[in-house]
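Working notes, beginning with the structure itself.
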Amino acid sequence: MLSLDVKLPKKEYKIYIGKSLFSESAELLRGFVEGKKVCIVSDTNVYPLYGKAVEEAVAKGGGEGFSLVVEAGEEAKSFKNLEYLCREIIRRDFTRSDVIIALGGGVVGDLTAFCASVVLRGVNLIQLPTTLLSQVDSSVGGKTAVNIPEGKNLVGSFYQPKMVIIDTDTLKTLPEREVACGMAEVIKYAAIRDEALYETLLSGSFEIEDVIAKCCSIKAGIVEKDELDKGERMLLNFGHTLGHAVENYTGYGTYSHGAAVAIGMCTITLWSERQGITKSGTYDKLKALCEKYNLPASIENLDKMTGAAMHDKKRSGSKISIVLVKDMGESYYEKVDVSLLDEIAREV
Ligand SMILES: NC(=O)c1ccc[n+]([C@@H]2O[C@H](COP(=O)([O-])OP(=O)(O)OC[C@H]3O[C@@H](n4cnc5c(N)ncnc54)[C@H](O)[C@@H]3O)[C@@H](O)[C@H]2O)c1
Ligand SMILES: [Zn+2]
């Protein structure tokens with residue numbers, strides 16, 4: 001088992017990463033759940049696979065557990081489910097020292113964490129992420145959210161968990177499309193911060209625990225410097241502005257989030273290389289890595305899609321922040337005029 005610390009100005013917590021961790025997590029959980037009420041939130045795909053193991057671990061750790069299951073899918077990140085979870089928790093006479101566990105991918109993680117941050121003005125939260133994306137990205141960093149018709153992730157909070165337990169055995173049941181989706185974020189970390197990770201991924205010979213730990217430590221390092229998303233955290237958006245344009249235009253779900261981000265990362269890097277900003281050959285390296293992990297590097301008609309990015313919530317005035325890599329593992333962000341996106345899309 002690997003472990004790493006996330007050290008924020010006011011909070012510190014541990015991330016544990018290993019195989020068969022859920023069934024062996026009673027001792028990790030004990031310190032938080034012993035003598036407490038514990039609400040496990042999961043979805044209709046994940047609960048049948050891992051719900052019992054987690055319920056048993058909670059019971060073994062001395063907690064009084066029960067589970068709430070929401071329908072799988074992005075629609076679950078709703079006010080309706082938020083209300084449902086809050087009311088169930090209040091009905092069971094929770095106090096702030098009781099515990100809420102998120103067992104699932106980023107959808108369950110974001111919804112549950114938001115609920116934990118607002119119900120009783122904050123109840124202890126533990127994240128048990130079960131998708132590659134949630135293990136390397138959404139469970140680390142404390143962003144929580146629900147969606148509204150006006151857009152995704154527009155209502156939420158910053159709320160850090162007490163602990164994150166990543167059981168990599170859960171990846172065995174994850175559909176291939178979801179694995180590829182998470183790999184796009186892994187490739188993103190290599191591109192923005194870690195050339196050695198790029199080499200590791202290209203070689204294809206690695207233990208997934210090590211790669212996940214590397215990604216978590218890169219994200220934790222960035223979040224430690226910029227918990228509230230005012231600067232450096234922007235780097236985590238590499239490929240995302242164009243990626244959101246693709247997701248928006250094609251309808252969410254047509255391309256997975258990761259596939260859209262892969263298109264975004266490759267496209268902006270092709271453009272920045274042509275501008276002389278990025279070291280020659282970087283685009284080819286990035287494209288090769290994306291293709292190795294079943295991710296697309298380009299899409300037709302991108303120029304039609306960039307209009308949607310104008311509504312990107314990160315936009316302020318007519319300026320938008322974009323992230324560029326100078327070389328594999330070296331990145332920076334800058335504010336540019338929003339019209340540059342159209343220019344990039346037209347030129348590549
Ligand atoms: N908070 C953050 O910082 C942050 C960062 C990135 C993404 N997100 C959010 O994360 C969400 C996407 O997360 P996701 O990609 O994990 O999607 P998801 O939670 O919808 O999971 C994808 C699918 O896989 C299923 N699943 C999950 N684990 C499984 C397993 N081990 N075996 C079999 N099936 C499994 C789920 O039921 C679902 O159908 C989005 O809502 C996004 O906005 C948040
Ligand atoms: Zn992403």
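A note on labels: chains of the structure tokens are A, B, ... as shown, every chain counts residues from 1, and ligands are counted from 1 in their shown order.
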
Q: May I ask you to write as number ranges by chain all residues lying at most 12 Å from ligand 2, with only C-alpha atoms and all ligand atoms counted?
A: A: 106, 132-134, 136-138, 181-189, 234-244, 247, 256-262, 264-265

Any chance you could export the current selection's N, CA and C atoms as a tab-separated table (two decimals), in the first residue's frame?
```tsv
chain	number	residue	atom	x	y	z
A	106	GLY	N	-16.49	10.11	-10.18
A	106	GLY	CA	-16.52	11.54	-9.91
A	106	GLY	C	-17.92	12.09	-9.68
A	132	LEU	N	-10.83	5.55	-12.74
A	132	LEU	CA	-9.48	6.09	-12.84
A	132	LEU	C	-9.50	7.61	-12.77
A	133	LEU	N	-10.51	8.21	-13.42
A	133	LEU	CA	-10.61	9.68	-13.39
A	133	LEU	C	-10.76	10.19	-11.95
A	134	SER	N	-11.63	9.54	-11.20
A	134	SER	CA	-11.84	10.04	-9.83
A	134	SER	C	-10.63	9.74	-8.94
A	136	VAL	N	-7.41	9.77	-9.91
A	136	VAL	CA	-6.28	10.66	-10.18
A	136	VAL	C	-6.66	12.14	-10.16
A	137	ASP	N	-7.97	12.40	-10.13
A	137	ASP	CA	-8.37	13.79	-10.31
A	137	ASP	C	-9.43	14.26	-9.31
A	138	SER	N	-10.69	13.79	-9.50
A	138	SER	CA	-11.77	14.47	-8.78
A	138	SER	C	-11.78	14.22	-7.27
A	181	CYS	N	-10.83	7.31	-20.55
A	181	CYS	CA	-11.21	8.64	-20.09
A	181	CYS	C	-10.27	9.10	-18.97
A	182	GLY	N	-10.01	8.23	-18.01
A	182	GLY	CA	-9.10	8.58	-16.92
A	182	GLY	C	-7.67	8.74	-17.40
A	183	MET	N	-7.28	7.94	-18.40
A	183	MET	CA	-5.91	8.03	-18.91
A	183	MET	C	-5.62	9.41	-19.50
A	184	ALA	N	-6.63	10.06	-20.03
A	184	ALA	CA	-6.42	11.40	-20.58
A	184	ALA	C	-5.93	12.35	-19.47
A	185	GLU	N	-6.49	12.22	-18.28
A	185	GLU	CA	-6.05	13.08	-17.17
A	185	GLU	C	-4.63	12.69	-16.74
A	186	VAL	N	-4.34	11.38	-16.79
A	186	VAL	CA	-2.98	10.91	-16.45
A	186	VAL	C	-1.98	11.53	-17.43
A	187	ILE	N	-2.32	11.48	-18.72
A	187	ILE	CA	-1.44	12.06	-19.75
A	187	ILE	C	-1.30	13.57	-19.52
A	188	LYS	N	-2.39	14.19	-19.10
A	188	LYS	CA	-2.35	15.63	-18.80
A	188	LYS	C	-1.28	15.93	-17.75
A	189	TYR	N	-1.24	15.13	-16.66
A	189	TYR	CA	-0.23	15.37	-15.62
A	189	TYR	C	1.17	15.25	-16.18
A	234	MET	N	-4.97	26.47	-12.39
A	234	MET	CA	-5.34	26.63	-13.79
A	234	MET	C	-4.63	25.61	-14.69
A	235	LEU	N	-3.40	25.25	-14.31
A	235	LEU	CA	-2.63	24.30	-15.13
A	235	LEU	C	-3.38	22.99	-15.34
A	236	LEU	N	-4.22	22.64	-14.35
A	236	LEU	CA	-4.98	21.39	-14.44
A	236	LEU	C	-6.01	21.44	-15.55
A	237	ASN	N	-6.21	22.62	-16.10
A	237	ASN	CA	-7.18	22.75	-17.19
A	237	ASN	C	-6.57	22.56	-18.57
A	238	PHE	N	-5.31	22.10	-18.62
A	238	PHE	CA	-4.68	21.88	-19.92
A	238	PHE	C	-5.59	21.01	-20.81
A	239	GLY	N	-5.87	21.50	-21.99
A	239	GLY	CA	-6.72	20.75	-22.93
A	239	GLY	C	-8.20	20.88	-22.67
A	240	HIS	N	-8.57	21.50	-21.52
A	240	HIS	CA	-9.97	21.45	-21.11
A	240	HIS	C	-10.86	22.49	-21.79
A	241	THR	N	-10.32	23.66	-22.14
A	241	THR	CA	-11.18	24.67	-22.74
A	241	THR	C	-11.66	24.19	-24.11
A	242	LEU	N	-10.72	23.71	-24.92
A	242	LEU	CA	-11.13	23.15	-26.21
A	242	LEU	C	-11.92	21.86	-26.00
A	243	GLY	N	-11.52	21.08	-25.00
A	243	GLY	CA	-12.24	19.84	-24.69
A	243	GLY	C	-13.70	20.10	-24.34
A	244	HIS	N	-13.94	21.14	-23.54
A	244	HIS	CA	-15.32	21.48	-23.19
A	244	HIS	C	-16.10	21.89	-24.44
A	247	GLU	N	-17.13	18.71	-26.07
A	247	GLU	CA	-18.20	18.03	-25.31
A	247	GLU	C	-19.54	18.74	-25.49
A	256	SER	N	-16.20	10.91	-24.62
A	256	SER	CA	-16.01	10.95	-23.16
A	256	SER	C	-15.26	12.23	-22.83
A	257	HIS	N	-15.34	12.65	-21.57
A	257	HIS	CA	-14.61	13.85	-21.15
A	257	HIS	C	-13.13	13.71	-21.50
A	258	GLY	N	-12.58	12.53	-21.25
A	258	GLY	CA	-11.15	12.31	-21.50
A	258	GLY	C	-10.82	12.40	-22.99
A	259	ALA	N	-11.69	11.83	-23.82
A	259	ALA	CA	-11.45	11.89	-25.27
A	259	ALA	C	-11.45	13.34	-25.73
A	260	ALA	N	-12.39	14.12	-25.22
A	260	ALA	CA	-12.47	15.54	-25.59
A	260	ALA	C	-11.24	16.30	-25.11
A	261	VAL	N	-10.78	15.98	-23.90
A	261	VAL	CA	-9.58	16.64	-23.36
A	261	VAL	C	-8.35	16.26	-24.18
A	262	ALA	N	-8.28	14.99	-24.62
A	262	ALA	CA	-7.14	14.56	-25.46
A	262	ALA	C	-7.11	15.37	-26.75
A	264	GLY	N	-8.34	18.32	-27.11
A	264	GLY	CA	-7.97	19.68	-26.70
A	264	GLY	C	-6.46	19.83	-26.47
A	265	MET	N	-5.87	18.85	-25.77
A	265	MET	CA	-4.43	18.93	-25.46
A	265	MET	C	-3.60	18.87	-26.74
```

Q: Kindly compile the residues surrounding ligand 1 within 7 Å, counting only C-alpha atoms and all ligand atoms, and format them as a ChimeraX atom specification.
A: /A:43-46,72-74,77,104-108,110,130-134,137-145,152-153,170-175,178,181-182

(Q) Report, in Å with one decimal, the straight-line distance from atom CA of Asp169 of chain A to atom CA of Lys19 of chain A. (A) 5.4 Å

Q: Find the spatial neighbours of segment 97-100 of chain A, counting only C-alpha atoms, within a cut-off of 12 Å - ignore same-chain residues fewer than 5 positions away - and output them as a ChimeraX atom specification.
A: /A:29-42,58,63-68,85-86,88-90,92,108-109,111-128,161-163

Report as a tab-separated table (two decimals) with C-alpha atoms, in the first residue's frame: the residues of segment 67-211 of chain A with a DSSP assignment of strand (DSSP E or B), based on the backbone of this structure.
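What ended up in result-v3.tsv:
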```tsv
chain	number	residue	atom	x	y	z
A	67	SER	CA	-26.09	3.02	2.27
A	68	LEU	CA	-27.91	5.43	-0.04
A	69	VAL	CA	-27.79	4.62	-3.75
A	70	VAL	CA	-28.39	7.10	-6.58
A	99	VAL	CA	-19.23	10.40	8.62
A	100	ILE	CA	-20.30	10.43	4.97
A	101	ILE	CA	-18.46	8.14	2.53
A	102	ALA	CA	-18.51	8.65	-1.26
A	103	LEU	CA	-18.15	5.28	-3.00
A	104	GLY	CA	-18.05	5.70	-6.77
A	124	ASN	CA	-16.77	14.47	7.95
A	125	LEU	CA	-16.18	13.11	4.45
A	126	ILE	CA	-14.20	10.12	3.18
A	127	GLN	CA	-13.67	9.52	-0.54
A	128	LEU	CA	-13.50	5.98	-1.98
A	129	PRO	CA	-13.07	6.72	-5.71
A	143	LYS	CA	-13.91	20.73	-5.45
A	144	THR	CA	-17.53	19.65	-5.04
A	145	ALA	CA	-20.51	20.34	-7.30
A	146	VAL	CA	-23.95	19.69	-8.67
A	147	ASN	CA	-25.17	20.63	-12.15
A	148	ILE	CA	-27.98	23.02	-13.08
A	151	GLY	CA	-24.37	24.34	-16.98
A	152	LYS	CA	-22.25	21.69	-15.30
A	153	ASN	CA	-20.53	22.20	-11.95
A	154	LEU	CA	-21.94	25.71	-11.54
A	155	VAL	CA	-23.05	25.22	-7.93
A	156	GLY	CA	-20.60	23.79	-5.45
A	157	SER	CA	-18.04	24.39	-2.75
A	158	PHE	CA	-14.47	23.69	-1.72
A	163	MET	CA	-9.12	10.66	3.93
A	164	VAL	CA	-9.08	9.14	0.43
A	165	ILE	CA	-8.80	5.37	-0.06
A	166	ILE	CA	-8.04	4.22	-3.61
A	167	ASP	CA	-8.55	0.50	-4.21
```

Q. So which bits of segment 114-249 of chain A end up alpha helix (DSSP H) when you DSSP the backbone, as a PyMOL selection string?
A. chain A and resi 114-118+132-133+176-193+195-203+208-225+240-249

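Distances from A:Ala190, A:Ala76, A:Leu28, A:Val336 to Met1 of chain A were compared using only C-alpha atoms, and the smallest one belongs to A:Leu28.
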
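Closest approach to Ile218 of chain A from the set A:Ser20, A:Ala297, A:Gly329, A:Leu286 is made by A:Gly329, with distances taken over only C-alpha atoms.
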
Q.
Set the distance at 12 Å and use only C-alpha atoms: which residues neighbour Met328 of chain A once local chain neighbours fewer than 5 positions away are removed? I'd like the list as a list in words.
A.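 Counting only C-alpha atoms, the residues come to Ile187, Lys188, Tyr189, Ala190, Ala191, Ile192, Arg193, Asp194, Glu195, Ala196, Leu197, Tyr198, Glu199, Met265, Thr269, Glu273, Thr278, Lys279, Ser280, Gly281, Thr282, Tyr283, Asp284, Lys285, Leu286, Lys287 and Leu289 of chain A.
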
Q.
Measuring between only C-alpha atoms, which one of A:Lys60, A:Arg91, A:Arg346, A:Lys304 shows the shortest distance to Ala26 of chain A?
A.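 Of the candidates, the smallest distance to Ala26 of chain A is held by A:Lys60.
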
Q: Select, from A:Leu270, A:Ile299, A:Leu340, A:Cys290, the residue with the minimum atom-to-atom distance to Lys326 of chain A, counting only C-alpha atoms.
A: A:Leu270

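The coordinates place atom CA of Val338 of chain A at 5.2 Å from atom CA of Lys319 of chain A.
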
**Q.** Straight-line distance linking atom CA of Thr168 of chain A with atom CA of Leu295 of chain A, stated in Å to one decimal
**A.**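 Separating atom CA of Thr168 of chain A from atom CA of Leu295 of chain A is a distance of 21.4 Å.
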
Q: Excluding Leu341 of chain A and residues on its chain fewer than 4 positions from it, collect all residues at most 10 Å away from it, counting only C-alpha atoms, and give them as a PyMOL selection string.
A: chain A and resi 241-242+245+268+302-303+305-307+309-310+320+322+336-337+345-347

Q. Hey, what's within 9 Å of Ala53 of chain A if we count only C-alpha atoms and toss same-chain stuff fewer than 3 positions away? As an MDAnalysis selection string, please?
A. chainID A and resid 22:24 49:50 56:58

Would you save the residues from that selection as a tab-separated table (two decimals), in the first residue's frame, using N, CA and C atoms?
```tsv
chain	number	residue	atom	x	y	z
A	22	PHE	N	-10.44	-1.96	-0.16
A	22	PHE	CA	-11.77	-1.79	0.46
A	22	PHE	C	-12.02	-2.89	1.48
A	23	SER	N	-11.73	-4.15	1.08
A	23	SER	CA	-12.01	-5.23	2.02
A	23	SER	C	-11.06	-5.19	3.21
A	24	GLU	N	-9.94	-4.49	3.05
A	24	GLU	CA	-8.99	-4.43	4.17
A	24	GLU	C	-8.98	-3.05	4.83
A	49	LEU	N	-21.31	-3.83	-6.84
A	49	LEU	CA	-19.96	-4.40	-6.95
A	49	LEU	C	-19.17	-4.28	-5.64
A	50	TYR	N	-19.26	-3.13	-5.00
A	50	TYR	CA	-18.37	-2.85	-3.86
A	50	TYR	C	-19.08	-2.43	-2.57
A	56	GLU	N	-19.13	-3.80	5.19
A	56	GLU	CA	-18.49	-4.71	6.15
A	56	GLU	C	-17.27	-4.05	6.81
A	57	ALA	N	-16.50	-3.32	5.98
A	57	ALA	CA	-15.31	-2.64	6.54
A	57	ALA	C	-15.73	-1.59	7.57
A	58	VAL	N	-16.81	-0.89	7.28
A	58	VAL	CA	-17.31	0.14	8.22
A	58	VAL	C	-17.73	-0.53	9.52
```
